[in-house]
$ cat coords08.csv   # CSV, C-alpha atoms
chain,number,residue,atom,x,y,z
A,1,MET,CA,-46.3,95.7,-70.4
A,2,GLY,CA,-48.0,96.0,-73.7
A,3,GLU,CA,-46.1,99.2,-74.6
A,4,ILE,CA,-44.0,100.3,-77.5
A,5,GLY,CA,-40.9,102.5,-77.3
A,6,SER,CA,-38.9,103.9,-80.2
A,7,ALA,CA,-35.8,106.0,-80.6
A,8,HIS,CA,-33.2,107.1,-83.0
A,9,ASP,CA,-29.4,107.7,-83.0
A,10,THR,CA,-28.5,106.6,-79.5
A,11,GLY,CA,-29.9,105.1,-76.4
A,12,VAL,CA,-31.1,101.8,-75.0
A,13,LEU,CA,-34.6,100.5,-74.9
A,14,ARG,CA,-35.3,98.1,-72.1
A,15,THR,CA,-38.0,95.7,-70.9
A,16,PHE,CA,-38.6,92.6,-68.9
A,17,VAL,CA,-40.4,89.6,-70.3
A,18,GLY,CA,-41.6,86.3,-68.9
A,19,SER,CA,-44.2,84.6,-71.2
A,20,CYS,CA,-44.5,87.9,-73.1
A,21,VAL,CA,-42.1,88.6,-76.0
A,22,GLY,CA,-40.0,91.6,-76.6
A,23,VAL,CA,-39.9,92.3,-80.3
A,24,ALA,CA,-37.4,94.8,-81.9
A,25,LEU,CA,-37.6,96.3,-85.3
A,26,TYR,CA,-34.6,98.4,-86.4
A,27,ASN,CA,-32.5,99.7,-89.2
A,28,ARG,CA,-28.8,99.8,-88.4
A,29,ARG,CA,-27.9,102.3,-91.1
A,30,LEU,CA,-30.4,104.9,-90.0
A,31,LYS,CA,-30.0,104.1,-86.3
A,32,ILE,CA,-33.7,103.8,-85.8
A,33,ALA,CA,-35.2,101.2,-83.5
A,34,CYS,CA,-38.4,100.2,-81.8
A,35,LEU,CA,-39.1,97.7,-79.0
A,36,ALA,CA,-42.5,96.3,-78.2
A,37,HIS,CA,-43.5,94.3,-75.1
A,38,ILE,CA,-46.1,92.0,-76.6
A,39,MET,CA,-48.4,90.1,-74.2
A,40,LEU,CA,-50.8,88.1,-76.4
A,41,PRO,CA,-50.9,86.8,-80.0
A,42,GLU,CA,-54.3,88.3,-81.2
A,43,SER,CA,-56.2,91.5,-80.4
A,44,LYS,CA,-59.5,90.1,-81.6
A,45,GLY,CA,-60.7,93.5,-82.4
A,46,ARG,CA,-59.5,95.3,-79.3
A,47,SER,CA,-57.5,98.3,-80.3
A,48,SER,CA,-57.1,100.4,-77.1
A,49,GLN,CA,-53.5,99.3,-76.5
A,50,PRO,CA,-52.0,98.1,-79.8
A,51,GLY,CA,-48.7,97.2,-78.2
A,52,LYS,CA,-50.3,94.5,-76.2
A,53,PHE,CA,-51.0,92.2,-79.1
A,54,ALA,CA,-48.8,90.8,-81.8
A,55,ASP,CA,-51.2,91.5,-84.7
A,56,THR,CA,-51.6,95.2,-83.7
A,57,ALA,CA,-48.2,95.9,-82.2
A,58,ILE,CA,-46.1,95.2,-85.3
A,59,PRO,CA,-48.1,97.4,-87.6
A,60,LYS,CA,-48.0,100.1,-85.0
A,61,MET,CA,-44.2,99.8,-84.7
A,62,ILE,CA,-43.8,100.1,-88.4
A,63,HIS,CA,-45.9,103.2,-88.3
A,64,GLN,CA,-43.7,104.7,-85.6
A,65,LEU,CA,-40.5,103.8,-87.4
A,66,ASN,CA,-41.8,105.2,-90.7
A,67,GLN,CA,-42.4,108.5,-88.9
A,68,LEU,CA,-38.9,108.5,-87.5
A,69,SER,CA,-37.4,107.8,-91.0
A,70,HIS,CA,-39.5,110.6,-92.5
A,71,GLY,CA,-41.1,108.4,-95.1
A,72,GLN,CA,-37.9,107.0,-96.6
A,73,THR,CA,-38.2,103.5,-98.0
A,74,VAL,CA,-36.5,101.4,-95.3
A,75,ARG,CA,-36.0,97.7,-94.9
A,76,TRP,CA,-36.5,96.8,-91.3
A,77,SER,CA,-35.0,93.9,-89.5
A,78,ALA,CA,-36.3,92.1,-86.4
A,79,LYS,CA,-35.1,90.3,-83.3
A,80,MET,CA,-37.1,88.9,-80.5
A,81,ALA,CA,-36.8,87.3,-77.0
A,82,GLY,CA,-39.1,85.9,-74.4
A,83,GLY,CA,-42.0,83.5,-74.6
A,84,ALA,CA,-41.0,81.5,-71.5
A,85,LYS,CA,-43.2,79.0,-69.7
A,86,MET,CA,-42.8,80.5,-66.2
A,87,PHE,CA,-44.8,78.1,-64.0
A,88,ALA,CA,-44.6,74.4,-63.9
A,89,PHE,CA,-48.4,74.0,-63.8
A,90,GLN,CA,-48.7,75.7,-67.3
A,91,SER,CA,-49.3,72.9,-69.7
A,92,GLY,CA,-50.0,72.4,-73.4
A,93,MET,CA,-49.3,75.3,-75.8
A,94,THR,CA,-48.6,78.2,-73.5
A,95,VAL,CA,-49.2,81.9,-74.1
A,96,GLY,CA,-45.5,82.2,-74.6
A,97,ASP,CA,-45.5,79.6,-77.4
A,98,GLN,CA,-48.4,81.3,-79.1
A,99,ASN,CA,-46.8,84.7,-78.9
A,100,ILE,CA,-43.6,83.4,-80.5
A,101,GLN,CA,-45.6,81.7,-83.3
A,102,ALA,CA,-47.7,84.8,-83.9
A,103,VAL,CA,-44.8,87.2,-84.2
A,104,GLU,CA,-42.9,84.9,-86.5
A,105,GLN,CA,-45.9,84.5,-88.8
A,106,ILE,CA,-46.6,88.3,-88.9
A,107,LEU,CA,-42.9,89.0,-89.7
A,108,ARG,CA,-43.0,86.4,-92.5
A,109,ASN,CA,-46.2,88.0,-93.9
A,110,LEU,CA,-44.6,91.4,-93.9
A,111,ASP,CA,-41.3,90.1,-95.3
A,112,ILE,CA,-39.3,91.4,-92.4
A,113,PRO,CA,-36.3,89.2,-91.7
A,114,LEU,CA,-35.9,87.8,-88.1
A,115,LEU,CA,-32.2,88.1,-87.6
A,116,GLY,CA,-32.1,86.7,-84.0
A,117,LYS,CA,-34.2,85.2,-81.4
A,118,CYS,CA,-33.8,84.0,-77.8
A,119,CYS,CA,-37.1,82.4,-76.9
A,120,GLY,CA,-38.8,79.7,-74.9
A,121,GLY,CA,-37.3,78.0,-71.8
A,122,THR,CA,-38.6,78.6,-68.3
A,123,GLN,CA,-36.9,81.8,-67.3
A,124,GLY,CA,-37.7,85.5,-67.5
A,125,ARG,CA,-35.5,87.8,-69.4
A,126,ARG,CA,-34.2,91.3,-69.1
A,127,ILE,CA,-33.9,92.9,-72.6
A,128,ALA,CA,-31.8,95.8,-73.7
A,129,LEU,CA,-31.9,97.1,-77.3
A,130,ASP,CA,-29.1,99.3,-78.5
A,131,VAL,CA,-30.7,101.8,-80.8
A,132,ALA,CA,-27.5,102.6,-82.7
A,133,THR,CA,-26.5,99.0,-83.5
A,134,GLY,CA,-29.7,97.0,-83.2
A,135,GLU,CA,-27.9,94.7,-80.8
A,136,MET,CA,-30.3,93.0,-78.3
A,137,THR,CA,-28.7,91.9,-75.1
A,138,ILE,CA,-30.7,89.4,-73.1
A,139,GLU,CA,-30.0,88.5,-69.4
A,140,THR,CA,-31.5,85.7,-67.4
A,141,MET,CA,-31.3,85.3,-63.7
A,142,GLY,CA,-28.1,83.5,-62.9
A,143,GLY,CA,-27.1,83.1,-66.6
A,144,ASN,CA,-24.6,84.8,-68.8
A,145,PRO,CA,-25.8,87.7,-70.9
A,146,GLU,CA,-26.5,86.8,-74.6
A,147,THR,CA,-26.3,89.3,-77.4
A,148,ILE,CA,-28.1,88.7,-80.7
B,149,MET,CA,-69.2,79.6,-63.0
B,150,PRO,CA,-71.7,82.4,-62.3
B,151,ILE,CA,-70.1,85.7,-62.3
B,152,ARG,CA,-70.1,87.7,-59.1
B,153,SER,CA,-68.4,90.8,-57.8
B,154,LEU,CA,-65.2,89.8,-56.1
B,155,THR,CA,-64.3,93.4,-55.9
B,156,SER,CA,-67.0,94.0,-53.3
B,157,GLN,CA,-65.7,91.3,-51.0
B,158,THR,CA,-63.0,93.3,-49.3
B,159,ASP,CA,-63.9,92.1,-45.8
B,160,LEU,CA,-63.7,88.5,-46.8
B,161,PHE,CA,-60.2,88.9,-48.3
B,162,ARG,CA,-59.0,90.8,-45.3
B,163,GLN,CA,-60.3,88.1,-43.0
B,164,ALA,CA,-58.6,85.4,-45.1
B,165,ALA,CA,-55.3,87.3,-44.8
B,166,HIS,CA,-55.6,87.3,-41.0
B,167,GLU,CA,-56.2,83.5,-41.1
B,168,ALA,CA,-53.2,83.1,-43.2
B,169,SER,CA,-51.1,85.2,-40.8
B,170,ASP,CA,-52.2,83.1,-37.9
B,171,ALA,CA,-51.3,79.9,-39.8
B,172,LEU,CA,-47.9,81.3,-40.6
B,173,SER,CA,-47.3,82.2,-37.0
B,174,LYS,CA,-48.3,78.6,-35.9
B,175,TRP,CA,-46.2,77.0,-38.6
B,176,LEU,CA,-43.1,79.0,-37.8
B,177,GLY,CA,-43.6,79.1,-34.0
B,178,ARG,CA,-43.1,82.9,-34.1
B,179,PRO,CA,-45.3,85.9,-34.1
B,180,SER,CA,-46.4,87.1,-37.5
B,181,ARG,CA,-48.1,90.3,-38.1
B,182,ILE,CA,-49.8,91.9,-41.1
B,183,VAL,CA,-48.2,95.2,-42.2
B,184,ILE,CA,-50.1,95.6,-45.5
B,185,ASN,CA,-53.5,94.2,-46.3
B,186,ASN,CA,-54.8,95.7,-49.6
B,187,VAL,CA,-57.6,94.8,-51.9
B,188,ALA,CA,-57.2,96.9,-55.0
B,189,ILE,CA,-57.9,97.5,-58.6
B,190,MET,CA,-55.0,99.2,-60.3
B,191,PRO,CA,-53.4,99.8,-63.7
B,192,LEU,CA,-51.4,96.9,-65.0
B,193,ASN,CA,-48.0,98.6,-64.8
B,194,GLU,CA,-48.6,99.6,-61.2
B,195,ALA,CA,-49.6,96.1,-60.3
B,196,VAL,CA,-46.4,94.7,-61.8
B,197,GLY,CA,-44.5,96.9,-59.3
B,198,VAL,CA,-46.8,96.3,-56.3
B,199,LEU,CA,-44.1,94.5,-54.3
B,200,GLY,CA,-41.8,97.4,-54.8
B,201,VAL,CA,-39.2,95.7,-56.9
B,202,THR,CA,-38.9,95.0,-60.7
B,203,ASP,CA,-35.4,93.9,-61.5
B,204,ALA,CA,-34.4,92.2,-58.3
B,205,PRO,CA,-34.8,88.5,-57.8
B,206,LEU,CA,-38.2,87.5,-56.5
B,207,VAL,CA,-39.1,84.0,-55.1
B,208,ALA,CA,-42.7,82.9,-55.8
B,209,CYS,CA,-44.6,79.8,-54.8
B,210,ALA,CA,-47.7,79.8,-56.9
B,211,MET,CA,-50.9,77.7,-56.6
B,212,GLY,CA,-53.6,77.6,-59.2
B,213,ILE,CA,-57.0,77.8,-57.5
B,214,THR,CA,-60.3,76.2,-58.8
B,215,GLY,CA,-63.8,75.9,-57.4
B,216,GLN,CA,-65.8,78.8,-55.8
B,217,TYR,CA,-63.0,81.1,-57.0
B,218,SER,CA,-60.4,80.5,-59.6
B,219,GLY,CA,-57.1,82.3,-60.0
B,220,LEU,CA,-53.6,82.2,-58.5
B,221,LEU,CA,-52.6,82.4,-54.9
B,222,VAL,CA,-48.9,83.2,-54.5
B,223,LEU,CA,-46.5,83.4,-51.6
B,224,THR,CA,-43.6,85.7,-52.6
B,225,GLY,CA,-40.6,87.3,-51.0
B,226,ASP,CA,-37.0,88.3,-51.6
B,227,ASP,CA,-34.1,85.9,-51.2
B,228,ALA,CA,-33.2,87.1,-47.7
B,229,SER,CA,-36.8,86.6,-46.4
B,230,GLY,CA,-37.3,83.3,-48.1
B,231,LEU,CA,-34.1,81.8,-47.0
B,232,ALA,CA,-34.6,83.1,-43.4
B,233,LEU,CA,-38.0,81.4,-43.5
B,234,ALA,CA,-36.3,78.1,-44.5
B,235,ASP,CA,-33.8,78.5,-41.7
B,236,MET,CA,-36.6,79.0,-39.2
B,237,LEU,CA,-38.4,75.8,-40.3
B,238,LEU,CA,-35.2,73.8,-40.4
B,239,GLY,CA,-34.2,75.0,-36.9
B,240,ARG,CA,-31.1,76.7,-38.1
B,241,GLU,CA,-29.6,80.0,-37.2
B,242,ILE,CA,-31.0,82.7,-39.5
B,243,GLY,CA,-28.4,83.4,-42.2
B,244,THR,CA,-27.3,79.7,-42.5
B,245,SER,CA,-29.1,79.2,-45.9
B,246,THR,CA,-27.4,81.2,-48.6
B,247,LYS,CA,-28.9,79.6,-51.7
B,248,TRP,CA,-32.0,77.8,-52.9
B,249,THR,CA,-31.2,74.1,-52.8
B,250,GLU,CA,-33.9,71.5,-52.8
B,251,ILE,CA,-34.4,71.7,-49.0
B,252,GLU,CA,-34.9,75.5,-49.0
B,253,GLN,CA,-37.3,75.3,-51.9
B,254,SER,CA,-39.2,72.5,-50.2
B,255,ALA,CA,-39.6,74.7,-47.1
B,256,ALA,CA,-40.9,77.6,-49.1
B,257,VAL,CA,-43.4,75.4,-51.0
B,258,GLU,CA,-44.7,73.8,-47.8
B,259,THR,CA,-45.1,77.2,-46.2
B,260,ALA,CA,-47.1,78.4,-49.3
B,261,ASN,CA,-49.2,75.3,-48.9
B,262,ILE,CA,-50.0,75.9,-45.2
B,263,ILE,CA,-50.8,79.6,-45.4
B,264,GLY,CA,-52.5,79.2,-48.8
B,265,CYS,CA,-54.9,76.6,-47.4
B,266,ALA,CA,-55.6,78.8,-44.4
B,267,TYR,CA,-56.5,81.7,-46.7
B,268,LEU,CA,-58.7,79.5,-48.9
B,269,ASN,CA,-60.5,78.0,-45.9
B,270,ALA,CA,-61.5,81.5,-44.8
B,271,MET,CA,-62.6,82.3,-48.3
B,272,ALA,CA,-64.7,79.1,-48.5
B,273,VAL,CA,-67.1,80.5,-45.9
B,274,ASP,CA,-68.1,83.4,-48.1
B,275,PRO,CA,-71.5,84.5,-46.8
B,276,GLN,CA,-72.3,86.1,-50.2
B,277,ALA,CA,-71.8,82.8,-52.1
B,278,THR,CA,-74.9,81.3,-53.6
B,279,PRO,CA,-75.7,77.6,-52.7
B,280,GLU,CA,-74.4,76.6,-56.1
B,281,LEU,CA,-71.1,78.4,-55.5
B,282,ALA,CA,-70.8,77.3,-51.9
B,283,ALA,CA,-71.0,73.6,-53.1
B,284,GLN,CA,-67.9,74.0,-55.2
B,285,PRO,CA,-64.9,73.2,-53.0
B,286,LEU,CA,-61.8,75.4,-53.4
B,287,MET,CA,-59.0,73.3,-54.7
B,288,PRO,CA,-55.4,74.5,-54.8
B,289,SER,CA,-52.8,72.9,-57.1
B,290,PRO,CA,-49.4,71.9,-55.6
B,291,PRO,CA,-47.4,75.1,-55.3
B,292,ALA,CA,-44.8,75.7,-58.1
B,293,PHE,CA,-41.5,77.3,-57.0
B,294,LEU,CA,-40.0,80.0,-59.2
B,295,ARG,CA,-37.1,82.5,-58.7
B,296,ASP,CA,-36.8,85.1,-61.3
B,297,TYR,CA,-36.8,88.8,-62.1
B,298,ALA,CA,-39.6,90.3,-60.1
B,299,ALA,CA,-41.1,92.0,-63.2
B,300,ALA,CA,-41.1,88.8,-65.2
B,301,VAL,CA,-42.8,86.9,-62.4
B,302,MET,CA,-45.4,89.6,-61.8
B,303,GLN,CA,-46.2,89.9,-65.5
B,304,SER,CA,-46.8,86.2,-65.8
B,305,LEU,CA,-49.0,86.1,-62.7
B,306,LEU,CA,-51.1,89.0,-64.0
B,307,MET,CA,-51.3,87.8,-67.6
B,308,GLY,CA,-54.8,86.3,-67.3
B,309,GLN,CA,-56.5,89.5,-66.2
B,310,ALA,CA,-54.2,91.7,-68.2
B,311,SER,CA,-55.3,89.9,-71.4
B,312,LEU,CA,-58.8,91.2,-70.9
B,313,ALA,CA,-58.5,94.6,-69.3
B,314,GLU,CA,-56.1,97.5,-68.6
B,315,ASN,CA,-56.7,97.4,-64.9
B,316,VAL,CA,-56.2,94.4,-62.7
B,317,PHE,CA,-57.7,93.3,-59.4
B,318,LEU,CA,-55.5,91.7,-56.7
B,319,THR,CA,-55.3,91.3,-53.0
B,320,HIS,CA,-51.9,92.0,-51.4
B,321,THR,CA,-50.9,91.1,-47.9
B,322,ASP,CA,-47.4,91.6,-46.4
B,323,PHE,CA,-46.4,89.6,-43.3
B,324,GLN,CA,-43.6,90.4,-41.0
B,325,VAL,CA,-42.3,87.6,-38.9
B,326,ASP,CA,-40.1,88.1,-35.8
B,327,ALA,CA,-36.4,87.9,-36.7
B,328,MET,CA,-37.1,87.7,-40.5
B,329,PRO,CA,-35.3,90.3,-42.5
B,330,GLY,CA,-37.8,92.0,-44.7
B,331,LYS,CA,-41.3,90.6,-45.4
B,332,CYS,CA,-43.1,87.9,-47.3
B,333,SER,CA,-46.2,88.7,-49.3
B,334,LEU,CA,-49.3,86.8,-50.3
B,335,LEU,CA,-51.1,87.7,-53.5
B,336,PHE,CA,-54.5,86.5,-54.7
B,337,ILE,CA,-55.1,87.1,-58.4
B,338,PRO,CA,-58.5,86.0,-59.5
B,339,GLU,CA,-59.3,84.9,-63.0
B,340,ALA,CA,-60.8,87.7,-65.1
B,341,GLU,CA,-64.0,85.7,-65.5
B,342,ASP,CA,-64.7,85.8,-61.8
B,343,LEU,CA,-64.6,89.6,-61.7
B,344,GLY,CA,-68.2,90.6,-62.0
$ encode --input "coords08.csv" --output "structure tokens"
Amino acid sequence: MGEIGSAHDTGVLRTFVGSCVGVALYNRRLKIACLAHIMLPESKGRSSQPGKFADTAIPKMIHQLNQLSHGQTVRWSAKMAGGAKMFAFQSGMTVGDQNIQAVEQILRNLDIPLLGKCCGGTQGRRIALDVATGEMTIETMGGNPETI
Amino acid sequence: MPIRSLTSQTDLFRQAAHEASDALSKWLGRPSRIVINNVAIMPLNEAVGVLGVTDAPLVACAMGITGQYSGLLVLTGDDASGLALADMLLGREIGTSTKWTEIEQSAAVETANIIGCAYLNAMAVDPQATPELAAQPLMPSPPAFLRDYAAAVMQSLLMGQASLAENVFLTHTDFQVDAMPGKCSLLFIPEAEDLG
């Protein structure tokens, strides 16, 4: 939870999300990818674990990706999944909804295209990000896997 | 609510777990015993795996708690334990229930209600509570049933505390009931604001 993983060439980055969101940034040509498990929309000045918050995680991801691309000018793409309302007694705008909105806004501000998303609902998700292709496979309990 | 140190109230939580075990035993008409009774502060990632599973299905019946304490009280277990519990309540041979239809879910939710209330009743007699706190009745919400990946369930339960800190506080009790395969667990996860 609240962590960021990155890799290049091959491999699969994995996480589970409920109301949290899994955000992937990647470049298919360079085969570089990064996956964050974001818990909350805003850090409000807390910086000890940047992966935890949308407003600190995405800049941190870009920093890690830029290191892996050795400073090349790269256009990153994004995908995301999660943001579920897990419990029936959660009402109003849930943390999941806020996470989705925050990530979308930050990506717009950074001009990073969001090429796929699988968000909302009431179920947790198992996410696997293929580093080489940028394909994100999302599984839900009892459902068919979806690839975006 | 005035802040107080829940973390110093280990004896109260352990006593509440014993009351819950007694209630479970009476409710099922079978002996129940506590095999784990922990009160702990731990790193978030450790807490997510406290039940020993992450990608397996986990059944949870969660109640929101308000009053003297606020937080979540959750009865959890794997499919085999939960469905066996339903069979016991419905007077069926264990192994009869194979999926979570409305009747099995109802049995699980009612069990959460019974043992959750026993737990809360024990907590309500907290000798350290100020008169102001003691006057606030502990109120559980109706239990909400959920079956999902264990990691996703645990993350969502811990979200409130995890949003404010890197370590989380929870109480964790495992019960074994005669003839039940595996165990069921009761977790109490206080709101971060109550952790003095």
$ atom_distance --input "coords08.csv" --atom1 "CA of Gly197 in chain B" --atom2 "CA of Asp226 in chain B"
13.8 Å
$ atom_distance --input "coords08.csv" --atom1 "CA of Ala327 in chain B" --atom2 "CA of Arg178 in chain B"
8.8 Å
$ interface_residues --input "coords08.csv" --of "chain B" --to "chain A" --cutoff "12 Å" --atoms "all atoms listed in the file" --output "PyMOL selection string"
chain B and resi 191-197+202-213+220+222+247+288-315
$ residues_around --input "coords08.csv" --residues "range 4-12 of chain A" --least-positions-apart "3" --cutoff "12 Å" --atoms "all atoms listed in the file" --output "MDAnalysis selection string"
chainID A and resid 1 15 21:39 49:54 56:70 127:137
$ atom_distance --input "coords08.csv" --atom1 "CA of Val273 in chain B" --atom2 "CA of Phe161 in chain B"
11.1 Å
$ residues_around --input "coords08.csv" --residues "His320 in chain B" --least-positions-apart "5" --cutoff "8 Å" --atoms "only C-alpha atoms" --output "PyMOL selection string"
chain B and resi 184-187+333-336
$ residues_around --input "coords08.csv" --residues "Asp235 in chain B" --least-positions-apart "3" --cutoff "12 Å" --atoms "only C-alpha atoms" --output "tab-separated table (two decimals) with C-alpha atoms, in the coordinates of the input"
chain	number	residue	atom	x	y	z
B	176	LEU	CA	-43.10	79.00	-37.80
B	228	ALA	CA	-33.20	87.10	-47.70
B	229	SER	CA	-36.80	86.60	-46.40
B	230	GLY	CA	-37.30	83.30	-48.10
B	231	LEU	CA	-34.10	81.80	-47.00
B	232	ALA	CA	-34.60	83.10	-43.40
B	238	LEU	CA	-35.20	73.80	-40.40
B	239	GLY	CA	-34.20	75.00	-36.90
B	240	ARG	CA	-31.10	76.70	-38.10
B	241	GLU	CA	-29.60	80.00	-37.20
B	242	ILE	CA	-31.00	82.70	-39.50
B	243	GLY	CA	-28.40	83.40	-42.20
B	244	THR	CA	-27.30	79.70	-42.50
B	245	SER	CA	-29.10	79.20	-45.90
B	246	THR	CA	-27.40	81.20	-48.60
B	247	LYS	CA	-28.90	79.60	-51.70
B	248	TRP	CA	-32.00	77.80	-52.90
B	251	ILE	CA	-34.40	71.70	-49.00
B	252	GLU	CA	-34.90	75.50	-49.00
B	253	GLN	CA	-37.30	75.30	-51.90
B	254	SER	CA	-39.20	72.50	-50.20
B	255	ALA	CA	-39.60	74.70	-47.10
B	256	ALA	CA	-40.90	77.60	-49.10
B	327	ALA	CA	-36.40	87.90	-36.70
B	328	MET	CA	-37.10	87.70	-40.50
B	329	PRO	CA	-35.30	90.30	-42.50
$ closest_residue --input "coords08.csv" --among "A:Gln101, A:Thr94, A:Asn109, A:Asn144" --to "Met80 in chain A" --atoms "only C-alpha atoms"
A:Gln101
$ build_atoms --input "coords08.csv" --residues "range 118-134 of chain A" --atoms "N, CA and C atoms" --output "tab-separated table (two decimals), keeping the file's coordinate frame"
chain	number	residue	atom	x	y	z
A	118	CYS	N	-34.20	84.67	-79.05
A	118	CYS	CA	-33.80	84.00	-77.80
A	118	CYS	C	-35.13	83.72	-77.08
A	119	CYS	N	-35.73	82.59	-77.35
A	119	CYS	CA	-37.10	82.40	-76.90
A	119	CYS	C	-37.30	81.04	-76.21
A	120	GLY	N	-38.41	80.94	-75.52
A	120	GLY	CA	-38.80	79.70	-74.90
A	120	GLY	C	-38.09	79.54	-73.51
A	121	GLY	N	-37.95	78.31	-73.07
A	121	GLY	CA	-37.30	78.00	-71.80
A	121	GLY	C	-38.30	78.33	-70.63
A	122	THR	N	-37.75	78.43	-69.45
A	122	THR	CA	-38.60	78.60	-68.30
A	122	THR	C	-38.21	79.84	-67.47
A	123	GLN	N	-37.34	80.67	-68.03
A	123	GLN	CA	-36.90	81.80	-67.30
A	123	GLN	C	-37.31	83.16	-67.88
A	124	GLY	N	-37.51	84.14	-67.00
A	124	GLY	CA	-37.70	85.50	-67.50
A	124	GLY	C	-36.47	86.09	-68.04
A	125	ARG	N	-36.63	87.17	-68.77
A	125	ARG	CA	-35.50	87.80	-69.40
A	125	ARG	C	-35.51	89.30	-69.25
A	126	ARG	N	-34.30	89.86	-69.10
A	126	ARG	CA	-34.20	91.30	-69.10
A	126	ARG	C	-33.56	91.68	-70.48
A	127	ILE	N	-34.25	92.54	-71.20
A	127	ILE	CA	-33.90	92.90	-72.60
A	127	ILE	C	-33.37	94.30	-72.67
A	128	ALA	N	-32.27	94.48	-73.37
A	128	ALA	CA	-31.80	95.80	-73.70
A	128	ALA	C	-31.48	95.93	-75.14
A	129	LEU	N	-32.10	96.88	-75.83
A	129	LEU	CA	-31.90	97.10	-77.30
A	129	LEU	C	-31.10	98.32	-77.52
A	130	ASP	N	-29.94	98.15	-78.12
A	130	ASP	CA	-29.10	99.30	-78.50
A	130	ASP	C	-29.61	99.93	-79.74
A	131	VAL	N	-30.05	101.15	-79.63
A	131	VAL	CA	-30.70	101.80	-80.80
A	131	VAL	C	-29.72	102.02	-81.92
A	132	ALA	N	-28.48	102.31	-81.62
A	132	ALA	CA	-27.50	102.60	-82.70
A	132	ALA	C	-27.10	101.37	-83.46
A	133	THR	N	-27.07	100.23	-82.81
A	133	THR	CA	-26.50	99.00	-83.50
A	133	THR	C	-27.59	97.96	-83.75
A	134	GLY	N	-28.72	98.04	-83.08
A	134	GLY	CA	-29.70	97.00	-83.20
A	134	GLY	C	-29.38	95.75	-82.40
